[in-house]
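**Q** For reference, the file run_11.pdb (PDB, C-alpha atoms) is included below:
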ATOM      1  CA  MET Y 229       0.000   0.000   0.000
ATOM      2  CA  THR Y 230       1.368   3.436  -0.944
ATOM      3  CA  ILE Y 231       1.993   5.831   1.949
ATOM      4  CA  LYS Y 232       0.085   9.066   1.377
ATOM      5  CA  THR Y 233       0.395  10.747   4.794
ATOM      6  CA  VAL Y 234       3.196  10.831   7.378
ATOM      7  CA  PHE Y 235       2.768  11.615  11.075
ATOM      8  CA  PHE Y 236       5.482  12.176  13.677
ATOM      9  CA  ASP Y 237       5.766  12.185  17.439
ATOM     10  CA  ALA Y 238       7.249  15.455  18.768
ATOM     11  CA  GLY Y 239       9.607  14.980  21.744
ATOM     12  CA  ASN Y 240      12.703  12.843  21.111
ATOM     13  CA  THR Y 241      11.533  12.311  17.521
ATOM     14  CA  LEU Y 242      11.459  15.803  16.025
ATOM     15  CA  LEU Y 243      12.305  17.987  19.021
ATOM     16  CA  THR Y 244      15.056  17.843  21.607
ATOM     17  CA  PRO Y 245      15.959  20.350  24.348
ATOM     18  CA  ALA Y 246      18.211  23.148  23.105
ATOM     19  CA  ILE Y 247      19.226  23.668  26.732
ATOM     20  CA  PRO Y 248      20.070  20.405  28.539
ATOM     21  CA  GLU Y 249      17.730  19.620  31.398
ATOM     22  CA  SER Y 250      20.716  19.239  33.699
ATOM     23  CA  GLN Y 251      21.710  22.856  32.985
ATOM     24  CA  VAL Y 252      18.152  24.117  33.398
ATOM     25  CA  LEU Y 253      17.859  22.414  36.791
ATOM     26  CA  SER Y 254      21.302  23.618  37.849
ATOM     27  CA  ASP Y 255      20.323  27.185  36.961
ATOM     28  CA  ALA Y 256      16.993  26.818  38.774
ATOM     29  CA  ALA Y 257      18.805  25.613  41.894
ATOM     30  CA  ALA Y 258      21.349  28.456  41.623
ATOM     31  CA  SER Y 259      18.500  30.997  41.563
ATOM     32  CA  LEU Y 260      17.596  29.681  45.022
ATOM     33  CA  GLY Y 261      21.186  29.888  46.265
ATOM     34  CA  ILE Y 262      21.900  26.166  45.799
ATOM     35  CA  SER Y 263      25.065  25.189  43.948
ATOM     36  CA  ILE Y 264      24.851  21.885  42.059
ATOM     37  CA  ASP Y 265      27.004  21.306  39.010
ATOM     38  CA  ALA Y 266      25.074  20.404  35.860
ATOM     39  CA  ALA Y 267      27.431  17.451  35.316
ATOM     40  CA  VAL Y 268      26.331  15.960  38.637
ATOM     41  CA  ILE Y 269      22.674  16.366  37.698
ATOM     42  CA  GLU Y 270      23.324  14.843  34.264
ATOM     43  CA  GLU Y 271      24.383  11.578  35.901
ATOM     44  CA  HIS Y 272      20.857  11.194  37.271
ATOM     45  CA  ILE Y 273      18.895  12.158  34.140
ATOM     46  CA  PRO Y 274      18.571   8.506  32.944
ATOM     47  CA  ALA Y 275      17.109   7.535  36.325
ATOM     48  CA  MET Y 276      14.680  10.445  36.064
ATOM     49  CA  TYR Y 277      13.404   9.073  32.761
ATOM     50  CA  GLU Y 278      13.151   5.586  34.195
ATOM     51  CA  TYR Y 279      10.966   7.130  36.872
ATOM     52  CA  TYR Y 280       8.860   8.746  34.152
ATOM     53  CA  GLU Y 281       8.436   5.387  32.425
ATOM     54  CA  SER Y 282       7.185   3.881  35.677
ATOM     55  CA  LEU Y 283       4.598   6.665  35.992
ATOM     56  CA  PHE Y 284       3.584   6.281  32.350
ATOM     57  CA  ALA Y 285       3.152   2.535  32.773
ATOM     58  CA  GLN Y 286       0.850   3.073  35.755
ATOM     59  CA  ASP Y 287      -1.418   5.604  34.035
ATOM     60  CA  ASN Y 288      -0.746   6.959  30.559
ATOM     61  CA  SER Y 289      -4.054   8.871  30.560
ATOM     62  CA  VAL Y 290      -2.300  11.740  32.358
ATOM     63  CA  TRP Y 291      -1.401  13.160  28.943
ATOM     64  CA  ALA Y 292      -5.063  13.734  28.073
ATOM     65  CA  ASP Y 293      -5.400  16.544  30.610
ATOM     66  CA  GLU Y 294      -3.444  19.807  30.698
ATOM     67  CA  LYS Y 295      -2.912  19.933  34.457
ATOM     68  CA  ARG Y 296      -1.990  16.256  34.757
ATOM     69  CA  ALA Y 297       0.344  16.538  31.754
ATOM     70  CA  ALA Y 298       2.123  19.443  33.444
ATOM     71  CA  ASP Y 299       2.194  17.505  36.706
ATOM     72  CA  ILE Y 300       4.044  14.561  35.154
ATOM     73  CA  TRP Y 301       6.865  16.892  34.027
ATOM     74  CA  MET Y 302       6.902  18.400  37.511
ATOM     75  CA  SER Y 303       6.962  14.938  39.097
ATOM     76  CA  MET Y 304      10.122  14.072  37.164
ATOM     77  CA  TYR Y 305      11.873  17.165  38.458
ATOM     78  CA  HIS Y 306      10.607  16.543  41.994
ATOM     79  CA  TYR Y 307      12.092  13.054  41.733
ATOM     80  CA  ILE Y 308      15.545  14.195  40.678
ATOM     81  CA  CYS Y 309      15.595  16.842  43.397
ATOM     82  CA  GLY Y 310      14.967  14.076  45.907
ATOM     83  CA  VAL Y 311      17.832  12.026  44.465
ATOM     84  CA  LEU Y 312      20.090  15.095  44.694
ATOM     85  CA  GLY Y 313      19.180  15.635  48.346
ATOM     86  CA  ILE Y 314      17.369  18.935  47.833
ATOM     87  CA  ALA Y 315      13.774  17.696  48.139
ATOM     88  CA  GLU Y 316      12.806  20.693  50.280
ATOM     89  CA  TYR Y 317      13.395  22.946  47.248
ATOM     90  CA  SER Y 318      11.852  20.603  44.717
ATOM     91  CA  HIS Y 319       8.644  22.548  44.132
ATOM     92  CA  GLN Y 320      10.438  25.782  43.246
ATOM     93  CA  ILE Y 321      13.055  24.034  41.111
ATOM     94  CA  ALA Y 322      10.492  21.873  39.338
ATOM     95  CA  ARG Y 323       8.318  24.885  38.524
ATOM     96  CA  LYS Y 324      11.258  26.869  37.171
ATOM     97  CA  GLY Y 325      12.438  23.886  35.134
ATOM     98  CA  TYR Y 326       9.001  23.237  33.678
ATOM     99  CA  GLU Y 327       8.470  26.865  32.697
ATOM    100  CA  VAL Y 328      11.736  27.000  30.745
ATOM    101  CA  TYR Y 329      10.437  24.363  28.338
ATOM    102  CA  LEU Y 330       7.241  26.268  27.610
ATOM    103  CA  ASP Y 331       9.434  28.600  25.539
ATOM    104  CA  SER Y 332      10.168  27.617  21.936
ATOM    105  CA  LYS Y 333      13.734  28.936  22.334
ATOM    106  CA  SER Y 334      14.397  26.030  24.708
ATOM    107  CA  TRP Y 335      13.883  23.499  21.898
ATOM    108  CA  THR Y 336      15.681  22.553  18.723
ATOM    109  CA  VAL Y 337      15.316  19.862  16.068
ATOM    110  CA  PHE Y 338      17.576  16.876  15.480
ATOM    111  CA  ASP Y 339      19.938  17.133  12.497
ATOM    112  CA  ASP Y 340      17.907  14.662  10.443
ATOM    113  CA  VAL Y 341      14.582  16.492  10.852
ATOM    114  CA  MET Y 342      14.723  19.341   8.314
ATOM    115  CA  PRO Y 343      16.101  17.225   5.443
ATOM    116  CA  THR Y 344      13.315  14.714   6.064
ATOM    117  CA  LEU Y 345      10.537  17.308   6.265
ATOM    118  CA  LEU Y 346      11.752  19.027   3.103
ATOM    119  CA  ALA Y 347      11.938  15.723   1.254
ATOM    120  CA  LEU Y 348       8.384  14.854   2.302
ATOM    121  CA  ARG Y 349       7.112  18.261   1.241
ATOM    122  CA  SER Y 350       8.839  17.891  -2.132
ATOM    123  CA  ARG Y 351       6.740  14.748  -2.608
ATOM    124  CA  GLN Y 352       3.650  16.770  -1.634
ATOM    125  CA  LEU Y 353       2.845  14.429   1.247
ATOM    126  CA  PRO Y 354       0.725  15.861   4.089
ATOM    127  CA  ILE Y 355       2.665  15.800   7.380
ATOM    128  CA  GLY Y 356       1.209  15.794  10.873
ATOM    129  CA  ILE Y 357       2.236  15.581  14.522
ATOM    130  CA  ILE Y 358       0.549  13.369  17.125
ATOM    131  CA  SER Y 359       2.175  13.847  20.518
ATOM    132  CA  ASN Y 360       1.633  13.264  24.206
ATOM    133  CA  TRP Y 361       2.216  16.897  25.180
ATOM    134  CA  ASP Y 362       0.579  19.680  27.125
ATOM    135  CA  CYS Y 363      -1.102  22.674  25.476
ATOM    136  CA  SER Y 364       2.217  24.407  24.756
ATOM    137  CA  LEU Y 365       3.052  22.317  21.673
ATOM    138  CA  ASP Y 366       1.362  24.542  19.084
ATOM    139  CA  GLY Y 367       3.143  27.622  20.410
ATOM    140  CA  ILE Y 368       6.497  25.826  20.436
ATOM    141  CA  ILE Y 369       6.106  24.672  16.827
ATOM    142  CA  ASP Y 370       5.055  28.197  15.808
ATOM    143  CA  GLY Y 371       7.929  29.814  17.705
ATOM    144  CA  MET Y 372      10.448  27.500  16.068
ATOM    145  CA  GLY Y 373       9.204  28.493  12.615
ATOM    146  CA  LEU Y 374       8.097  24.954  11.795
ATOM    147  CA  ARG Y 375       4.350  25.440  11.339
ATOM    148  CA  GLN Y 376       4.557  25.561   7.542
ATOM    149  CA  HIS Y 377       5.668  21.933   7.433
ATOM    150  CA  PHE Y 378       2.630  20.480   9.201
ATOM    151  CA  SER Y 379      -0.944  20.119   8.023
ATOM    152  CA  VAL Y 380      -2.117  19.242  11.533
ATOM    153  CA  ILE Y 381      -0.678  19.251  15.054
ATOM    154  CA  VAL Y 382      -2.463  17.098  17.621
ATOM    155  CA  SER Y 383      -1.326  17.368  21.228
ATOM    156  CA  SER Y 384      -2.906  14.999  23.700
ATOM    157  CA  ALA Y 385      -3.895  17.657  26.234
ATOM    158  CA  VAL Y 386      -5.738  19.698  23.586
ATOM    159  CA  ALA Y 387      -7.469  16.670  22.045
ATOM    160  CA  GLY Y 388      -8.331  15.134  25.422
ATOM    161  CA  LEU Y 389      -6.881  11.866  24.113
ATOM    162  CA  TYR Y 390      -3.526  10.169  24.548
ATOM    163  CA  LYS Y 391      -1.136   7.664  23.025
ATOM    164  CA  PRO Y 392      -1.231   4.689  22.733
ATOM    165  CA  GLN Y 393      -5.022   5.141  22.654
ATOM    166  CA  ILE Y 394      -6.262   4.316  19.148
ATOM    167  CA  GLU Y 395      -8.657   7.267  19.362
ATOM    168  CA  ILE Y 396      -5.930   9.924  19.164
ATOM    169  CA  PHE Y 397      -4.504   8.367  16.005
ATOM    170  CA  ASN Y 398      -7.966   8.100  14.435
ATOM    171  CA  TYR Y 399      -8.698  11.692  15.439
ATOM    172  CA  ALA Y 400      -5.583  12.920  13.598
ATOM    173  CA  LEU Y 401      -6.312  10.720  10.586
ATOM    174  CA  ASP Y 402      -9.828  12.131  10.371
ATOM    175  CA  LEU Y 403      -8.521  15.703  10.453
ATOM    176  CA  LEU Y 404      -6.585  15.000   7.267
ATOM    177  CA  GLY Y 405      -9.119  12.679   5.693
ATOM    178  CA  ALA Y 406      -6.461   9.967   5.804
ATOM    179  CA  THR Y 407      -6.628   6.250   6.536
ATOM    180  CA  GLY Y 408      -4.377   4.124   8.719
ATOM    181  CA  GLU Y 409      -3.619   1.821   5.810
ATOM    182  CA  THR Y 410      -2.061   4.654   3.780
ATOM    183  CA  SER Y 411      -0.363   6.474   6.672
ATOM    184  CA  MET Y 412       2.989   6.169   8.411
ATOM    185  CA  TYR Y 413       3.678   7.111  12.021
ATOM    186  CA  VAL Y 414       7.195   7.735  13.331
ATOM    187  CA  GLY Y 415       8.041   7.889  17.031
ATOM    188  CA  ASP Y 416      10.652   6.942  19.617
ATOM    189  CA  HIS Y 417       8.519   5.049  22.159
ATOM    190  CA  VAL Y 418       7.833   1.353  21.575
ATOM    191  CA  HIS Y 419       4.595   1.252  23.565
ATOM    192  CA  ALA Y 420       3.031   4.673  22.985
ATOM    193  CA  ASP Y 421       4.192   5.228  19.406
ATOM    194  CA  VAL Y 422       4.746   1.878  17.738
ATOM    195  CA  GLY Y 423       2.011   0.070  19.656
ATOM    196  CA  GLY Y 424      -0.537   2.836  19.176
ATOM    197  CA  ALA Y 425       0.205   3.252  15.465
ATOM    198  CA  LEU Y 426      -0.046  -0.473  14.802
ATOM    199  CA  ASN Y 427      -3.396  -0.626  16.580
ATOM    200  CA  ALA Y 428      -4.591   2.169  14.287
ATOM    201  CA  GLY Y 429      -3.530   0.179  11.232
ATOM    202  CA  MET Y 430      -0.670   2.521  10.359
ATOM    203  CA  THR Y 431       2.825   1.693   9.164
ATOM    204  CA  ALA Y 432       4.793   2.103  12.404
ATOM    205  CA  VAL Y 433       8.387   3.340  12.473
ATOM    206  CA  LEU Y 434      10.597   3.421  15.567
ATOM    207  CA  ILE Y 435      13.285   6.118  15.453
ATOM    208  CA  ASP Y 436      16.160   4.663  17.477
ATOM    209  CA  ARG Y 437      19.058   7.091  17.078
ATOM    210  CA  GLU Y 438      21.021   5.584  19.958
ATOM    211  CA  ASN Y 439      20.488   1.966  18.908
ATOM    212  CA  ARG Y 440      18.764   1.013  22.160
ATOM    213  CA  HIS Y 441      16.243  -1.400  20.701
ATOM    214  CA  ALA Y 442      16.286  -4.586  18.672
ATOM    215  CA  ASP Y 443      14.413  -5.014  15.436
ATOM    216  CA  GLY Y 444      10.856  -6.104  16.055
ATOM    217  CA  GLU Y 445       8.083  -7.773  14.175
ATOM    218  CA  GLY Y 446       5.462  -5.605  12.528
ATOM    219  CA  PHE Y 447       7.348  -2.307  12.587
ATOM    220  CA  ILE Y 448      10.302  -0.587  10.935
ATOM    221  CA  ARG Y 449      13.306   0.542  13.001
ATOM    222  CA  VAL Y 450      15.530   3.371  11.719
ATOM    223  CA  ARG Y 451      18.555   5.180  13.137
ATOM    224  CA  ASP Y 452      18.015   8.361  11.070
ATOM    225  CA  LEU Y 453      14.713   9.910  10.039
ATOM    226  CA  ARG Y 454      15.859  10.169   6.430
ATOM    227  CA  GLU Y 455      15.691   6.378   6.258
ATOM    228  CA  ILE Y 456      11.877   6.532   6.240
ATOM    229  CA  LEU Y 457      12.052   7.880   2.680
ATOM    230  CA  GLU Y 458      13.056   4.395   1.521
ATOM    231  CA  TYR Y 459       9.667   3.053   2.655
ATOM    232  CA  LEU Y 460       7.452   5.584   0.896
TER     233      LEU Y 460
END
Once you've parsed the file, please lay out its structure as structure tokens.
**A**
Amino acid sequence: MTIKTVFFDAGNTLLTPAIPESQVLSDAAASLGISIDAAVIEEHIPAMYEYYESLFAQDNSVWADEKRAADIWMSMYHYICGVLGIAEYSHQIARKGYEVYLDSKSWTVFDDVMPTLLALRSRQLPIGIISNWDCSLDGIIDGMGLRQHFSVIVSSAVAGLYKPQIEIFNYALDLLGATGETSMYVGDHVHADVGGALNAGMTAVLIDRENRHADGEGFIRVRDLREILEYL
């Protein structure tokens, strides 16, 4: 079946922090008179994301609500403050850290993103985003000057739906008048992205830039977004 529409996840697929979270948290702590080197914080970032995965596994519906979506970001920063021994300052640090990433200037795209988007546009393929994100996503995409590349941007908190729920994929497909059978979805999360896309009948692609995953049955694994062009 020919692919006629391509959708992407946002975070860790298209977007990555322009300012490392370790630096943001170090700066937030410094504003409160607490000196913690960003390199020390960086050592604990993987554990922070493992903590996130445990929260996501318990209840992934948090992304369907703006306040709960914000709270999950805050929970991650509360967690790392506890690990760093500064739990008493965690609320202030978490709030400051969260607010930094509401600004489009705090985000950038991976090196493989623009060549891929331009190649897709040259083929006149509609492109969309389906992401577990709070209500800031539209503003971030606008602020980064990326809006022109996307026919639709669906953030979970705005739609009131979440990945891997099939409904959020169907909602985005309906907005473009597309079908799962003729659409590709690219994301970095095996459960939320690959699992959700497959359930919606889409061609599922796992972007695995750091080679963390093995090849799997039923989906395509790529190390660089430009590789998806071979499957169109």
**Q** Given the file shown, determine the residues that the PyMOL selection byres ((chain Y and resi 310-325) around 8) selects; report them as a PDB file with C-alpha atoms, in the frame of the given file.
**A**
ATOM      1  CA  GLU Y 249      17.730  19.620  31.398  1.00  0.00           C
ATOM      2  CA  VAL Y 252      18.152  24.117  33.398  1.00  0.00           C
ATOM      3  CA  LEU Y 253      17.859  22.414  36.791  1.00  0.00           C
ATOM      4  CA  ALA Y 256      16.993  26.818  38.774  1.00  0.00           C
ATOM      5  CA  ALA Y 257      18.805  25.613  41.894  1.00  0.00           C
ATOM      6  CA  ILE Y 269      22.674  16.366  37.698  1.00  0.00           C
ATOM      7  CA  HIS Y 272      20.857  11.194  37.271  1.00  0.00           C
ATOM      8  CA  MET Y 302       6.902  18.400  37.511  1.00  0.00           C
ATOM      9  CA  SER Y 303       6.962  14.938  39.097  1.00  0.00           C
ATOM     10  CA  TYR Y 305      11.873  17.165  38.458  1.00  0.00           C
ATOM     11  CA  HIS Y 306      10.607  16.543  41.994  1.00  0.00           C
ATOM     12  CA  TYR Y 307      12.092  13.054  41.733  1.00  0.00           C
ATOM     13  CA  ILE Y 308      15.545  14.195  40.678  1.00  0.00           C
ATOM     14  CA  CYS Y 309      15.595  16.842  43.397  1.00  0.00           C
ATOM     15  CA  TYR Y 326       9.001  23.237  33.678  1.00  0.00           C
ATOM     16  CA  GLU Y 327       8.470  26.865  32.697  1.00  0.00           C
ATOM     17  CA  VAL Y 328      11.736  27.000  30.745  1.00  0.00           C
ATOM     18  CA  TYR Y 329      10.437  24.363  28.338  1.00  0.00           C
TER      19      TYR Y 329
END
**Q** Using the chain letters and numbers from the file, which residues does the PyMOL selection byres ((chain Y and resi 231) around 6) grab, as a PyMOL selection string?
**A** chain Y and resi 230+232-233+410-411+460
**Q** With the file shown as input, list the residues that the PyMOL selection byres ((chain Y and resi 448) around 7) selects, as a PDB file with C-alpha atoms, keeping the file's coordinate frame.
**A**
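File selection37.pdb, as written:
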ATOM      1  CA  ALA Y 432       4.793   2.103  12.404  1.00  0.00           C
ATOM      2  CA  VAL Y 433       8.387   3.340  12.473  1.00  0.00           C
ATOM      3  CA  LEU Y 434      10.597   3.421  15.567  1.00  0.00           C
ATOM      4  CA  PHE Y 447       7.348  -2.307  12.587  1.00  0.00           C
ATOM      5  CA  ARG Y 449      13.306   0.542  13.001  1.00  0.00           C
ATOM      6  CA  VAL Y 450      15.530   3.371  11.719  1.00  0.00           C
TER       7      VAL Y 450
END
**Q** Would you kindly identify which residues have an atom no farther than 8 Å from (-0.5, 2.8, 11.6), using all atoms listed in the file and the file's own coordinates, and write them out as a list in words?
**A**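 Every polymer residue passing the test: Gly408, Glu409, Ser411, Met412, Tyr413, Gly424, Ala425, Leu426, Asn427, Ala428, Gly429, Met430, Thr431 and Ala432 of chain Y.
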**Q** Between Y:Met276, Y:Leu401, Y:Ile368, Y:Val380, which has the minimum distance to Ser334 in chain Y (counting all atoms listed in the file)?
**A** Y:Ile368
**Q** So that I can check the surroundings of Leu403 in chain Y, please list as a tab-separated table (two decimals) with C-alpha atoms, in the coordinates of the input every protein, DNA and RNA residue that reaches within 12 Å of it, counting only C-alpha atoms and ignoring chain neighbours fewer than 3 positions away.
**A**
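The file below, around_26.tsv, is the result:
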chain	number	residue	atom	x	y	z
Y	233	THR	CA	0.40	10.75	4.79
Y	354	PRO	CA	0.72	15.86	4.09
Y	355	ILE	CA	2.66	15.80	7.38
Y	356	GLY	CA	1.21	15.79	10.87
Y	357	ILE	CA	2.24	15.58	14.52
Y	358	ILE	CA	0.55	13.37	17.12
Y	379	SER	CA	-0.94	20.12	8.02
Y	380	VAL	CA	-2.12	19.24	11.53
Y	381	ILE	CA	-0.68	19.25	15.05
Y	382	VAL	CA	-2.46	17.10	17.62
Y	387	ALA	CA	-7.47	16.67	22.04
Y	396	ILE	CA	-5.93	9.92	19.16
Y	397	PHE	CA	-4.50	8.37	16.00
Y	398	ASN	CA	-7.97	8.10	14.44
Y	399	TYR	CA	-8.70	11.69	15.44
Y	400	ALA	CA	-5.58	12.92	13.60
Y	406	ALA	CA	-6.46	9.97	5.80
Y	407	THR	CA	-6.63	6.25	6.54
**Q** Within 12 Å of Leu374 in chain Y, counting all atoms listed in the file, which residues show up once you throw out same-chain ones fewer than 2 positions away? Write them as an MDAnalysis selection string, please.
**A** chainID Y and resid 238 242:243 332 335:337 341:342 345:346 355:357 365:372 376:381
**Q** Compare Y:Asp362, Y:Thr344, Y:Ala275, Y:Asp237 by their minimum atom-to-atom distance to Asp299 in chain Y, counting only C-alpha atoms, and give me the closest one.
**A**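 Result for the nearest residue to Asp299 in chain Y: Y:Asp362.
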**Q** For Ser364 in chain Y, which residue among Y:Ile435, Y:Trp291, Y:Ala266, Y:Ala385 is the nearest when counting all atoms listed in the file?
**A** Y:Ala385
**Q** Separation of CA of Lys333 in chain Y and CA of Glu270 in chain Y, in Å?
**A**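 Distance reported for this atom pair: 20.8 Å.
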**Q** With distances taken over only C-alpha atoms, which of Y:Glu455, Y:Asp416, Y:Leu404, Y:Gln286 is nearest to His441 in chain Y?
**A**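 The shortest atom-to-atom distance to His441 in chain Y comes from Y:Asp416.
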**Q** For the atom pair CA of Ala420 in chain Y and CA of Cys363 in chain Y, what is the interatomic distance in Å to one decimal place?
**A**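 One can read the CA of Ala420 in chain Y to CA of Cys363 in chain Y distance as 18.6 Å.
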**Q** Report, in Å to a single decimal, how far apart CA of Asp452 in chain Y and CA of Ala347 in chain Y are.
**A**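 CA of Ala347 in chain Y sits 13.7 Å away from CA of Asp452 in chain Y.
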**Q** How big is the axis-aligned box around all listed atoms of range 410-426 of chain Y once 4 Å goes on each side, and where's its centre, in Å to one decimal, as AutoDock Vina command-line options?
**A**
--center_x 4.3 --center_y 3.7 --center_z 13.7 --size_x 20.7 --size_y 16.4 --size_z 27.8
